[in-house]
>>> print(open('target34.tsv').read())   # TSV, C-alpha atoms and all ligand atoms
chain	number	residue	atom	x	y	z
Z	680	MET	CA	6.66	-21.63	-11.12
Z	681	GLY	CA	2.88	-21.05	-11.24
Z	682	LYS	CA	0.89	-17.91	-11.97
Z	683	LYS	CA	0.47	-14.89	-9.72
Z	684	LEU	CA	-2.92	-13.74	-8.41
Z	685	VAL	CA	-3.53	-10.15	-7.30
Z	686	ILE	CA	-6.61	-9.75	-5.07
Z	687	GLY	CA	-8.00	-6.19	-4.96
Z	688	ALA	CA	-6.29	-5.44	-8.29
Z	689	LEU	CA	-8.48	-2.45	-9.21
Z	690	GLY	CA	-7.36	-0.34	-6.24
Z	691	GLN	CA	-4.71	2.36	-6.07
Z	692	VAL	CA	-1.79	-0.05	-5.62
Z	693	GLY	CA	-3.21	-3.05	-7.50
Z	694	THR	CA	-3.78	-1.08	-10.71
Z	695	GLU	CA	-0.10	-0.15	-10.96
Z	696	LEU	CA	1.21	-3.43	-9.56
Z	697	ILE	CA	-0.65	-5.40	-12.24
Z	698	GLN	CA	0.79	-3.24	-15.04
Z	699	THR	CA	4.38	-3.64	-13.83
Z	700	MET	CA	4.05	-7.35	-13.07
Z	701	ARG	CA	2.56	-8.05	-16.50
Z	702	LEU	CA	5.46	-6.31	-18.20
Z	703	ARG	CA	7.91	-8.30	-16.10
Z	704	TYR	CA	6.31	-11.77	-15.97
Z	705	GLY	CA	3.98	-11.81	-19.01
Z	706	VAL	CA	0.32	-10.77	-19.35
Z	707	ASP	CA	-1.16	-14.25	-18.89
Z	708	GLU	CA	1.05	-15.06	-15.90
Z	709	VAL	CA	-0.60	-12.40	-13.72
Z	710	ILE	CA	-4.29	-12.81	-12.88
Z	711	ALA	CA	-6.06	-9.67	-11.71
Z	712	SER	CA	-9.12	-9.98	-9.45
Z	713	ASP	CA	-11.40	-7.66	-7.52
Z	714	ILE	CA	-14.84	-7.68	-5.93
Z	715	ARG	CA	-16.02	-5.17	-8.55
Z	716	LEU	CA	-15.77	-4.68	-12.30
Z	717	ARG	CA	-14.05	-1.70	-13.90
Z	718	ALA	CA	-15.77	0.43	-16.53
Z	719	GLU	CA	-13.04	-0.25	-19.11
Z	720	PRO	CA	-11.80	-3.83	-19.28
Z	721	LEU	CA	-8.19	-4.57	-18.22
Z	722	ASP	CA	-5.75	-5.91	-20.79
Z	723	GLY	CA	-5.23	-9.47	-19.60
Z	724	PRO	CA	-6.96	-12.02	-17.38
Z	725	PHE	CA	-9.41	-10.60	-14.81
Z	726	LEU	CA	-11.81	-12.35	-12.41
Z	727	VAL	CA	-14.52	-11.01	-10.13
Z	728	LEU	CA	-13.57	-12.57	-6.80
Z	729	ASN	CA	-14.51	-11.76	-3.20
Z	730	ALA	CA	-11.49	-12.01	-0.90
Z	731	LEU	CA	-13.83	-13.32	1.81
Z	732	ASN	CA	-15.10	-16.24	-0.31
Z	733	GLU	CA	-12.68	-18.96	0.76
Z	734	GLU	CA	-14.24	-21.64	-1.41
Z	735	ALA	CA	-14.05	-19.54	-4.58
Z	736	LEU	CA	-10.48	-18.50	-3.82
Z	737	ARG	CA	-9.31	-22.05	-3.24
Z	738	ALA	CA	-11.02	-23.23	-6.44
Z	739	THR	CA	-9.44	-20.38	-8.44
Z	740	VAL	CA	-5.97	-21.06	-7.10
Z	741	LYS	CA	-6.25	-24.75	-7.99
Z	742	GLU	CA	-7.85	-24.29	-11.41
Z	743	MET	CA	-5.49	-21.53	-12.56
Z	744	GLY	CA	-2.27	-22.98	-11.14
Z	745	ILE	CA	-1.53	-20.03	-8.87
Z	746	SER	CA	1.68	-20.15	-6.81
Z	747	GLU	CA	1.83	-16.56	-5.47
Z	748	VAL	CA	-0.93	-14.38	-4.03
Z	749	TYR	CA	-0.70	-10.60	-3.58
Z	750	LEU	CA	-3.49	-9.63	-1.17
Z	751	MET	CA	-4.23	-5.94	-1.80
Z	752	ALA	CA	-7.93	-5.94	-0.76
Z	753	ALA	CA	-8.38	-4.06	2.51
Z	754	MET	CA	-10.36	-1.24	4.06
Z	755	LEU	CA	-8.08	1.78	4.49
Z	756	SER	CA	-7.65	4.09	7.48
Z	757	ALA	CA	-10.26	6.81	6.91
Z	758	THR	CA	-13.05	4.49	5.64
Z	759	ALA	CA	-12.27	1.93	8.35
Z	760	GLU	CA	-12.99	4.50	11.08
Z	761	GLN	CA	-16.53	4.85	9.64
Z	762	MET	CA	-17.19	1.07	9.86
Z	763	PRO	CA	-14.75	-0.55	12.29
Z	764	ASP	CA	-16.42	-4.00	12.36
Z	765	LYS	CA	-16.43	-4.37	8.60
Z	766	ALA	CA	-12.84	-3.16	8.40
Z	767	TRP	CA	-11.67	-5.71	10.96
Z	768	ASP	CA	-13.65	-8.43	9.20
Z	769	LEU	CA	-12.24	-7.72	5.73
Z	770	ASN	CA	-8.67	-6.99	6.78
Z	771	MET	CA	-8.30	-10.03	9.04
Z	772	LYS	CA	-10.46	-12.71	7.40
Z	773	SER	CA	-8.99	-12.18	3.94
Z	774	LEU	CA	-5.50	-12.57	5.41
Z	775	PHE	CA	-6.37	-15.82	7.22
Z	776	ILE	CA	-7.92	-17.25	4.03
Z	777	VAL	CA	-4.71	-16.57	2.09
Z	778	LEU	CA	-2.34	-17.67	4.88
Z	779	ASP	CA	-4.31	-20.91	5.27
Z	780	MET	CA	-4.01	-21.63	1.55
Z	781	ALA	CA	-0.24	-21.32	1.93
Z	782	LYS	CA	-0.25	-23.43	5.10
Z	783	ASP	CA	-2.17	-26.15	3.23
Z	784	GLY	CA	0.38	-26.10	0.39
Z	785	LEU	CA	-1.98	-24.66	-2.25
Z	786	ILE	CA	0.31	-21.66	-2.86
Z	787	GLU	CA	4.03	-21.08	-2.29
Z	788	LYS	CA	4.35	-17.39	-1.48
Z	789	VAL	CA	2.20	-14.55	-0.14
Z	790	PHE	CA	2.57	-10.78	-0.32
Z	791	TRP	CA	0.49	-8.81	2.17
Z	792	PRO	CA	1.01	-5.08	2.72
Z	793	SER	CA	1.08	-3.44	6.11
Z	794	THR	CA	1.30	0.30	6.74
Z	795	ILE	CA	2.77	3.14	8.80
Z	796	ALA	CA	-0.62	3.07	10.61
Z	797	VAL	CA	0.81	0.31	12.86
Z	798	PHE	CA	2.63	3.13	14.66
Z	799	GLY	CA	0.79	5.25	17.18
Z	800	PRO	CA	1.09	8.39	19.30
Z	801	ASN	CA	3.66	6.74	21.59
Z	802	SER	CA	5.95	5.76	18.70
Z	803	GLU	CA	9.02	7.85	18.05
Z	804	LYS	CA	7.99	10.74	15.80
Z	805	ARG	CA	11.17	10.88	13.72
Z	806	ASN	CA	12.92	7.87	12.24
Z	807	SER	CA	10.48	5.55	13.99
Z	808	PRO	CA	12.41	2.30	14.37
Z	809	GLN	CA	11.45	-1.08	12.96
Z	810	HIS	CA	10.99	-2.56	16.44
Z	811	GLY	CA	9.85	0.51	18.38
Z	812	THR	CA	6.57	1.14	20.19
Z	813	LEU	CA	3.58	-0.04	18.15
Z	814	GLU	CA	0.35	1.13	19.80
Z	815	PRO	CA	-1.98	2.09	16.95
Z	816	THR	CA	-5.17	4.00	17.77
Z	817	THR	CA	-7.13	3.32	14.55
Z	818	VAL	CA	-8.98	0.11	13.68
Z	819	TYR	CA	-6.96	0.02	10.46
Z	820	GLY	CA	-3.67	0.15	12.37
Z	821	ILE	CA	-4.87	-2.41	14.91
Z	822	SER	CA	-5.88	-4.82	12.12
Z	823	LYS	CA	-2.57	-4.39	10.30
Z	824	LEU	CA	-0.49	-4.85	13.47
Z	825	ALA	CA	-2.44	-8.02	14.30
Z	826	GLY	CA	-1.97	-9.15	10.69
Z	827	GLU	CA	1.79	-8.63	10.91
Z	828	GLN	CA	1.95	-10.84	13.98
Z	829	TRP	CA	-0.16	-13.52	12.31
Z	830	CYS	CA	2.17	-13.47	9.28
Z	831	ALA	CA	5.15	-14.06	11.57
Z	832	TYR	CA	3.24	-16.80	13.41
Z	833	TYR	CA	2.33	-18.64	10.19
Z	834	HIS	CA	5.95	-18.42	9.07
Z	835	ARG	CA	7.34	-19.66	12.40
Z	836	ARG	CA	4.76	-22.35	13.04
Z	837	TYR	CA	3.92	-23.61	9.53
Z	838	GLY	CA	6.83	-22.37	7.40
Z	839	VAL	CA	4.57	-20.10	5.31
Z	840	ASP	CA	6.64	-17.87	2.99
Z	841	VAL	CA	4.84	-14.58	3.62
Z	842	ARG	CA	6.49	-11.22	2.92
Z	843	SER	CA	5.29	-7.78	3.90
Z	844	LEU	CA	6.08	-4.06	3.71
Z	845	ARG	CA	4.82	-1.16	5.78
Z	846	TYR	CA	3.88	1.15	2.92
Z	847	PRO	CA	3.94	4.87	3.68
Z	848	GLY	CA	1.29	7.12	2.03
Z	849	LEU	CA	1.43	6.27	-1.69
Z	850	ILE	CA	1.27	8.77	-4.53
Z	851	GLY	CA	0.66	7.93	-8.18
Z	852	TYR	CA	-1.33	9.33	-11.10
Z	853	LYS	CA	-2.52	6.12	-12.77
Z	854	SER	CA	-5.11	5.31	-10.08
Z	855	MET	CA	-7.03	7.21	-7.41
Z	856	PRO	CA	-6.64	6.46	-3.69
Z	857	GLY	CA	-9.29	4.46	-1.84
Z	858	GLY	CA	-10.13	6.10	1.50
Z	859	GLY	CA	-6.82	6.64	3.29
Z	860	THR	CA	-5.47	9.51	5.39
Z	861	THR	CA	-2.77	10.41	2.85
Z	862	ASP	CA	-5.18	10.68	-0.14
Z	863	TYR	CA	-4.69	14.46	-0.13
Z	864	ALA	CA	-1.26	14.01	-1.71
Z	865	VAL	CA	-2.86	12.57	-4.87
Z	866	GLU	CA	-5.99	14.77	-4.96
Z	867	ILE	CA	-3.87	17.93	-4.70
Z	868	PHE	CA	-2.28	17.28	-8.13
Z	869	HIS	CA	-5.63	16.77	-9.88
Z	870	LYS	CA	-7.05	19.96	-8.31
Z	871	ALA	CA	-3.86	21.92	-9.01
Z	872	ILE	CA	-4.11	21.13	-12.71
Z	873	GLU	CA	-7.91	21.49	-12.99
Z	874	GLU	CA	-8.46	24.57	-10.79
Z	875	ALA	CA	-5.06	25.79	-9.54
Z	876	LYS	CA	-6.39	25.54	-5.99
Z	877	TYR	CA	-6.96	22.87	-3.34
Z	878	THR	CA	-8.54	22.65	0.10
Z	879	CYS	CA	-6.53	20.20	2.19
Z	880	PHE	CA	-8.12	17.98	4.86
Z	881	LEU	CA	-4.83	17.77	6.80
Z	882	SER	CA	-3.29	20.74	8.59
Z	883	GLU	CA	-0.49	22.57	6.85
Z	884	GLN	CA	2.41	21.24	8.91
Z	885	ARG	CA	1.21	17.63	9.21
Z	886	THR	CA	4.38	15.86	8.05
Z	887	LEU	CA	4.03	12.19	7.08
Z	888	PRO	CA	6.17	9.50	5.45
Z	889	MET	CA	5.22	9.29	1.76
Z	890	MET	CA	6.36	7.41	-1.33
Z	891	TYR	CA	5.97	7.61	-5.10
Z	892	MET	CA	4.08	4.57	-6.41
Z	893	ASP	CA	6.95	3.33	-8.61
Z	894	ASP	CA	9.11	2.96	-5.50
Z	895	ALA	CA	6.37	1.01	-3.71
Z	896	ILE	CA	5.89	-1.33	-6.68
Z	897	LYS	CA	9.65	-1.82	-7.00
Z	898	ALA	CA	9.88	-2.67	-3.28
Z	899	THR	CA	7.00	-5.14	-3.62
Z	900	ILE	CA	8.60	-6.96	-6.53
Z	901	ASP	CA	12.07	-6.85	-4.94
Z	902	ILE	CA	10.95	-8.35	-1.63
Z	903	MET	CA	8.98	-11.07	-3.44
Z	904	GLU	CA	11.95	-11.96	-5.66
Z	905	ALA	CA	14.57	-11.87	-2.88
Z	906	PRO	CA	15.96	-15.25	-1.76
Z	907	ALA	CA	14.02	-16.50	1.29
Z	908	GLU	CA	17.09	-16.38	3.55
Z	909	GLN	CA	17.36	-12.59	3.03
Z	910	ILE	CA	13.87	-12.03	4.45
Z	911	LYS	CA	14.76	-11.93	8.12
Z	912	LEU	CA	11.58	-10.16	9.28
Z	913	ARG	CA	8.34	-12.01	8.78
Z	914	THR	CA	6.21	-9.34	10.41
Z	915	SER	CA	6.64	-6.41	8.00
Z	916	TYR	CA	9.52	-4.17	6.86
Z	917	ASN	CA	9.61	-0.39	7.33
Z	918	ILE	CA	10.33	1.20	3.95
Z	919	SER	CA	10.93	4.90	3.61
Z	920	SER	CA	11.37	7.43	0.83
Z	921	LEU	CA	10.32	11.03	1.61
Z	922	SER	CA	8.60	12.96	4.36
Z	923	PHE	CA	6.76	16.22	3.75
Z	924	SER	CA	3.86	18.33	4.99
Z	925	PRO	CA	0.98	19.65	2.83
Z	926	GLU	CA	2.62	23.07	3.03
Z	927	GLU	CA	5.92	21.73	1.64
Z	928	LEU	CA	4.17	19.77	-1.12
Z	929	ALA	CA	2.12	22.83	-2.09
Z	930	ALA	CA	5.29	24.97	-2.24
Z	931	GLU	CA	6.89	22.50	-4.67
Z	932	ILE	CA	3.72	22.35	-6.81
Z	933	SER	CA	3.64	26.18	-6.92
Z	934	LYS	CA	7.02	26.14	-8.64
Z	935	VAL	CA	5.41	24.32	-11.58
Z	936	VAL	CA	1.71	25.34	-11.55
Z	937	ALA	CA	1.43	29.13	-11.84
Z	938	GLY	CA	-0.78	30.76	-9.23
Z	939	PHE	CA	-1.50	27.53	-7.31
Z	940	GLN	CA	-3.31	28.26	-4.01
Z	941	ILE	CA	-3.91	25.96	-1.06
Z	942	ASP	CA	-6.10	26.40	1.99
Z	943	TYR	CA	-6.76	24.10	4.92
Z	944	ALA	CA	-9.91	22.58	6.46
Z	945	PRO	CA	-8.56	19.79	8.68
Z	946	ASP	CA	-11.09	17.05	9.49
Z	947	PHE	CA	-10.96	13.75	11.45
Z	948	ARG	CA	-8.19	12.52	9.15
Z	949	ASP	CA	-5.84	15.12	10.61
Z	950	SER	CA	-6.17	13.45	14.04
Z	951	ILE	CA	-5.40	10.07	12.49
Z	952	ALA	CA	-2.33	11.54	10.79
Z	953	ALA	CA	-1.26	13.19	14.07
Z	954	SER	CA	-0.95	9.73	15.62
Z	955	TRP	CA	1.55	8.56	12.98
Z	956	PRO	CA	5.29	9.23	12.77
Z	957	GLU	CA	6.78	11.93	10.55
Z	958	SER	CA	9.43	9.57	9.24
Z	959	ILE	CA	10.44	5.95	9.67
Z	960	ASP	CA	13.76	4.15	9.76
Z	961	ASP	CA	14.15	1.57	7.01
Z	962	SER	CA	17.67	0.34	7.70
Z	963	SER	CA	16.53	-3.31	8.10
Z	964	ALA	CA	15.06	-3.34	4.56
Z	965	LYS	CA	18.24	-1.70	3.22
Z	966	THR	CA	20.49	-4.23	4.92
Z	967	ASP	CA	18.44	-7.38	4.38
Z	968	TRP	CA	17.33	-7.09	0.74
Z	969	ALA	CA	18.99	-3.89	-0.54
Z	970	TRP	CA	15.92	-1.60	-0.55
Z	971	LYS	CA	16.56	1.86	-2.02
Z	972	SER	CA	14.16	4.67	-3.00
Z	973	ASP	CA	14.59	6.37	-6.39
Z	974	PHE	CA	12.45	9.50	-5.84
Z	975	ASN	CA	12.89	12.84	-4.13
Z	976	LEU	CA	10.16	15.48	-3.74
Z	977	GLN	CA	11.11	17.44	-6.84
Z	978	LYS	CA	11.13	14.34	-9.07
Z	979	LEU	CA	7.83	13.17	-7.56
Z	980	VAL	CA	6.10	16.51	-8.21
Z	981	ARG	CA	7.31	16.74	-11.81
Z	982	THR	CA	6.36	13.14	-12.55
Z	983	MET	CA	2.90	13.61	-11.02
Z	984	ILE	CA	2.21	16.83	-12.91
Z	985	ASP	CA	3.35	15.33	-16.23
Z	986	GLY	CA	1.30	12.21	-15.55
Z	987	VAL	CA	-1.92	13.99	-14.52
Z	988	CYS	CA	-1.61	16.38	-17.51
Z	989	SER	CA	-1.18	13.44	-19.89
Z	990	LEU	CA	-4.36	11.85	-18.48
Z	991	LYS	CA	-6.33	15.08	-18.93
Z	992	ASN	CA	-5.09	15.48	-22.52
Z	993	ALA	CA	-5.68	11.85	-23.49
W	1001	LIG	N1	-2.57	3.40	-0.80
W	1001	LIG	C1	-1.78	3.65	0.26
W	1001	LIG	O1	-1.30	4.78	0.45
W	1001	LIG	C2	-1.44	2.52	1.20
W	1001	LIG	C3	-0.57	2.80	2.28
W	1001	LIG	C4	-0.27	1.78	3.17
W	1001	LIG	C5	-0.77	0.51	2.97
W	1001	LIG	N2	-1.62	0.26	1.92
W	1001	LIG	C6	-2.15	-1.09	1.77
W	1001	LIG	O2	-2.00	-1.53	0.43
W	1001	LIG	C7	-3.12	-2.37	0.07
W	1001	LIG	C8	-3.77	-1.81	-1.19
W	1001	LIG	O3	-4.20	-0.50	-0.92
W	1001	LIG	P1	-4.91	0.40	-2.01
W	1001	LIG	O4	-4.54	1.79	-1.72
W	1001	LIG	O5	-4.71	-0.14	-3.36
W	1001	LIG	O6	-6.43	0.22	-1.58
W	1001	LIG	P2	-7.74	0.56	-2.44
W	1001	LIG	O7	-8.83	0.83	-1.48
W	1001	LIG	O8	-7.41	1.59	-3.47
W	1001	LIG	O9	-8.00	-0.80	-3.20
W	1001	LIG	C9	-8.49	-1.95	-2.57
W	1001	LIG	C10	-9.18	-2.79	-3.63
W	1001	LIG	O10	-9.71	-3.93	-2.97
W	1001	LIG	C11	-10.98	-4.19	-3.49
W	1001	LIG	N3	-11.76	-4.94	-2.51
W	1001	LIG	C12	-12.41	-4.48	-1.43
W	1001	LIG	N4	-13.04	-5.48	-0.80
W	1001	LIG	C13	-12.76	-6.60	-1.50
W	1001	LIG	C14	-13.11	-7.95	-1.34
W	1001	LIG	N5	-13.90	-8.37	-0.32
W	1001	LIG	N6	-12.67	-8.84	-2.24
W	1001	LIG	C15	-11.88	-8.44	-3.28
W	1001	LIG	N7	-11.52	-7.18	-3.47
W	1001	LIG	C16	-11.95	-6.27	-2.59
W	1001	LIG	C17	-11.58	-2.85	-3.80
W	1001	LIG	O11	-12.62	-2.94	-4.76
W	1001	LIG	C18	-10.37	-2.08	-4.30
W	1001	LIG	O12	-10.26	-2.15	-5.70
W	1001	LIG	C19	-4.04	-2.38	1.29
W	1001	LIG	O13	-3.76	-3.52	2.06
W	1001	LIG	C20	-3.63	-1.16	2.07
W	1001	LIG	O14	-3.88	-1.31	3.43
W	1001	LIG	C21	-1.95	1.24	1.02
>>> encode(input="target34.tsv", output="structure tokens")
Amino acid sequence: MGKKLVIGALGQVGTELIQTMRLRYGVDEVIASDIRLRAEPLDGPFLVLNALNEEALRATVKEMGISEVYLMAAMLSATAEQMPDKAWDLNMKSLFIVLDMAKDGLIEKVFWPSTIAVFGPNSEKRNSPQHGTLEPTTVYGISKLAGEQWCAYYHRRYGVDVRSLRYPGLIGYKSMPGGGTTDYAVEIFHKAIEEAKYTCFLSEQRTLPMMYMDDAIKATIDIMEAPAEQIKLRTSYNISSLSFSPEELAAEISKVVAGFQIDYAPDFRDSIAASWPESIDDSSAKTDWAWKSDFNLQKLVRTMIDGVCSLKNA
């Protein structure tokens, strides 16, 4: 078994994924990489690496004895709408570079996240099925849907062991989100604790599928550790935890933060969110590799408030 390389490790998901993987597999077994440097150094191996630099990636994988790649670098939904060409370029080219390394036998396994943005306005709004209508209207969703199909193609045609999850909007306190449509659900906690008020860029009843970061990290590790024969879908698995609107989240926060006030100034992100389902059906992930969420809304809110407070007091 070789080492594991996380590309885009300084982002919202990568930051937490690295911490959990290092506890589980050992600090030196997990190499973090990103296109940028962080102000404070990470504990453990870190490389500056551009996901679009195929030569550098191949050299790194060979020199460091990497057997698994977790490709977290991507341009997310809201930023991608501002620069569609760059988003397509980053999201697709980085995936091909990693899939080709697996096809050529340089690595054994790939994790690549997809998203609920692969759904679109014609998808079923509630409990959107694994194999339902997928007609995304954002460049982000289009790139992820194409990526899912390429993953399945590389598996079918070349036997590449690639595994993928459609993450819902992710919420955690250890890292800030990077330009997605669900970023409000992290920002709201910071503003609630700093100012006891928040102006939300989604409308009050815009319900979306969401997930606490620990659940997303657990799902990522579980799908990567599952025996290959249990991974029956090589596109990407729906995984689901909670669904709530900004209004419902604010009501739960108000139970803990005295006097918390929210108001609404919906912008272009509200139209993106309107094209996505309110909830998704994750029965395939439950059946195939025993996926199960550990968080409800109350537990999420308390964990976030404790976590953000501990950061502010540190
Ligand atoms: N955060 C969510 O709610 C969410 C939801 C669904 C899917 N996802 C997916 O999960 C993955 C990780 O998302 P995230 O929220 O951590 O994103 P993020 O924007 O927070 O982090 C992405 C990281 O990639 C790095 N990066 C950008 N370009 C790079 C390049 N060329 N080479 C190397 N690194 C580069 C960035 O510096 C950043 O640290 C993405 O594929 C995203 O589409 C995230």
>>> closest_residue(input="target34.tsv", among="Z:Cys830, Z:Ala781, Z:Ile850, Z:Val709", to="ligand LIG 1001 (chain W)", atoms="all atoms listed in the file")
Z:Ile850
>>> atom_distance(input="target34.tsv", atom1="atom O1 of ligand LIG 1001 (chain W)", atom2="CA of Ala796 in chain Z")
10.3 Å
>>> closest_atom_pairs(input="target34.tsv", of="chain Z", to="ligand LIG 1001 (chain W)", cutoff="7 Å", atoms="only C-alpha atoms and all ligand atoms", output="JSON lines")
{"residue": "Z:Ile686", "atom": "CA", "partner": "W:LIG1001", "partner_atom": "C15", "distance": 5.7}
{"residue": "Z:Gly687", "atom": "CA", "partner": "W:LIG1001", "partner_atom": "O10", "distance": 3.5}
{"residue": "Z:Ala688", "atom": "CA", "partner": "W:LIG1001", "partner_atom": "O12", "distance": 5.8}
{"residue": "Z:Leu689", "atom": "CA", "partner": "W:LIG1001", "partner_atom": "O12", "distance": 3.9}
{"residue": "Z:Gly690", "atom": "CA", "partner": "W:LIG1001", "partner_atom": "O9", "distance": 3.1}
{"residue": "Z:Gln691", "atom": "CA", "partner": "W:LIG1001", "partner_atom": "O5", "distance": 3.7}
{"residue": "Z:Val692", "atom": "CA", "partner": "W:LIG1001", "partner_atom": "O5", "distance": 3.7}
{"residue": "Z:Gly693", "atom": "CA", "partner": "W:LIG1001", "partner_atom": "O5", "distance": 5.3}
{"residue": "Z:Ser712", "atom": "CA", "partner": "W:LIG1001", "partner_atom": "C15", "distance": 6.9}
{"residue": "Z:Asp713", "atom": "CA", "partner": "W:LIG1001", "partner_atom": "N7", "distance": 4.1}
{"residue": "Z:Ile714", "atom": "CA", "partner": "W:LIG1001", "partner_atom": "C15", "distance": 4.0}
{"residue": "Z:Arg715", "atom": "CA", "partner": "W:LIG1001", "partner_atom": "O11", "distance": 5.6}
{"residue": "Z:Leu728", "atom": "CA", "partner": "W:LIG1001", "partner_atom": "C15", "distance": 5.7}
{"residue": "Z:Asn729", "atom": "CA", "partner": "W:LIG1001", "partner_atom": "N6", "distance": 3.6}
{"residue": "Z:Ala730", "atom": "CA", "partner": "W:LIG1001", "partner_atom": "N6", "distance": 3.6}
{"residue": "Z:Leu731", "atom": "CA", "partner": "W:LIG1001", "partner_atom": "N5", "distance": 5.4}
{"residue": "Z:Leu750", "atom": "CA", "partner": "W:LIG1001", "partner_atom": "O13", "distance": 6.9}
{"residue": "Z:Met751", "atom": "CA", "partner": "W:LIG1001", "partner_atom": "C7", "distance": 4.2}
{"residue": "Z:Ala752", "atom": "CA", "partner": "W:LIG1001", "partner_atom": "O10", "distance": 3.5}
{"residue": "Z:Ala753", "atom": "CA", "partner": "W:LIG1001", "partner_atom": "O13", "distance": 4.7}
{"residue": "Z:Met754", "atom": "CA", "partner": "W:LIG1001", "partner_atom": "O7", "distance": 6.1}
{"residue": "Z:Leu755", "atom": "CA", "partner": "W:LIG1001", "partner_atom": "O14", "distance": 5.3}
{"residue": "Z:Leu769", "atom": "CA", "partner": "W:LIG1001", "partner_atom": "N5", "distance": 6.3}
{"residue": "Z:Trp791", "atom": "CA", "partner": "W:LIG1001", "partner_atom": "O13", "distance": 6.8}
{"residue": "Z:Pro792", "atom": "CA", "partner": "W:LIG1001", "partner_atom": "O13", "distance": 5.1}
{"residue": "Z:Ser793", "atom": "CA", "partner": "W:LIG1001", "partner_atom": "C5", "distance": 5.4}
{"residue": "Z:Thr794", "atom": "CA", "partner": "W:LIG1001", "partner_atom": "C4", "distance": 4.2}
{"residue": "Z:Ile795", "atom": "CA", "partner": "W:LIG1001", "partner_atom": "C4", "distance": 6.5}
{"residue": "Z:Arg845", "atom": "CA", "partner": "W:LIG1001", "partner_atom": "C4", "distance": 6.4}
{"residue": "Z:Tyr846", "atom": "CA", "partner": "W:LIG1001", "partner_atom": "C4", "distance": 4.2}
{"residue": "Z:Pro847", "atom": "CA", "partner": "W:LIG1001", "partner_atom": "C3", "distance": 5.2}
{"residue": "Z:Gly848", "atom": "CA", "partner": "W:LIG1001", "partner_atom": "O1", "distance": 3.8}
{"residue": "Z:Leu849", "atom": "CA", "partner": "W:LIG1001", "partner_atom": "O1", "distance": 3.8}
{"residue": "Z:Ile850", "atom": "CA", "partner": "W:LIG1001", "partner_atom": "O1", "distance": 6.9}
{"residue": "Z:Met855", "atom": "CA", "partner": "W:LIG1001", "partner_atom": "O8", "distance": 6.9}
{"residue": "Z:Pro856", "atom": "CA", "partner": "W:LIG1001", "partner_atom": "O8", "distance": 4.9}
{"residue": "Z:Gly857", "atom": "CA", "partner": "W:LIG1001", "partner_atom": "O7", "distance": 3.7}
{"residue": "Z:Gly858", "atom": "CA", "partner": "W:LIG1001", "partner_atom": "O7", "distance": 6.2}
{"residue": "Z:Gly859", "atom": "CA", "partner": "W:LIG1001", "partner_atom": "O1", "distance": 6.5}
{"residue": "Z:Thr861", "atom": "CA", "partner": "W:LIG1001", "partner_atom": "O1", "distance": 6.3}
>>> residues_around(input="target34.tsv", residues="range 973-987 of chain Z", least_positions_apart="4", cutoff="9 Å", atoms="only C-alpha atoms", output="number ranges by chain")
Z: 850-853, 865, 868-869, 871-872, 890-891, 893-894, 920-923, 928, 931-932, 935-936, 991-992
>>> closest_residue(input="target34.tsv", among="Z:Gly799, Z:Gly838, Z:Pro888, Z:Pro808", to="Leu824 in chain Z", atoms="all atoms listed in the file")
Z:Gly799
>>> axis_aligned_box(input="target34.tsv", around="range 956-973 of chain Z", padding_each_side="8 Å", output="AutoDock Vina command-line options")
--center_x 12.9 --center_y 2.3 --center_z 3.2 --size_x 31.2 --size_y 35.3 --size_z 35.2
>>> closest_residue(input="target34.tsv", among="Z:Thr966, Z:Thr886, Z:Ser807, Z:Thr739", to="Ser924 in chain Z", atoms="only C-alpha atoms")
Z:Thr886
>>> residues_around(input="target34.tsv", residues="range 877-883 of chain Z", least_positions_apart="6", cutoff="12 Å", atoms="only C-alpha atoms", output="PyMOL selection string")
chain Z and resi 757+859-871+923-930+932-933+938-953
>>> build_atoms(input="target34.tsv", residues="range 867-874 of chain Z", atoms="N, CA and C atoms", output="short mmCIF file (atom, residue, chain, number, x, y, z; two decimals), keeping the file's coordinate frame")
data_model
loop_
_atom_site.label_atom_id
_atom_site.label_comp_id
_atom_site.auth_asym_id
_atom_site.auth_seq_id
_atom_site.Cartn_x
_atom_site.Cartn_y
_atom_site.Cartn_z
N ILE Z 867 -4.43 16.58 -4.54
CA ILE Z 867 -3.87 17.93 -4.70
C ILE Z 867 -3.37 18.16 -6.14
N PHE Z 868 -2.81 17.12 -6.77
CA PHE Z 868 -2.28 17.28 -8.13
C PHE Z 868 -3.42 17.45 -9.13
N HIS Z 869 -4.49 16.67 -8.95
CA HIS Z 869 -5.63 16.77 -9.88
C HIS Z 869 -6.26 18.17 -9.76
N LYS Z 870 -6.44 18.63 -8.52
CA LYS Z 870 -7.05 19.96 -8.31
C LYS Z 870 -6.12 21.07 -8.78
N ALA Z 871 -4.82 20.89 -8.58
CA ALA Z 871 -3.86 21.92 -9.01
C ALA Z 871 -3.97 22.11 -10.52
N ILE Z 872 -4.10 21.02 -11.25
CA ILE Z 872 -4.11 21.13 -12.71
C ILE Z 872 -5.50 21.58 -13.21
N GLU Z 873 -6.57 21.11 -12.54
CA GLU Z 873 -7.91 21.49 -12.99
C GLU Z 873 -8.27 22.93 -12.60
N GLU Z 874 -7.93 23.30 -11.33
CA GLU Z 874 -8.46 24.57 -10.79
C GLU Z 874 -7.41 25.50 -10.21
#
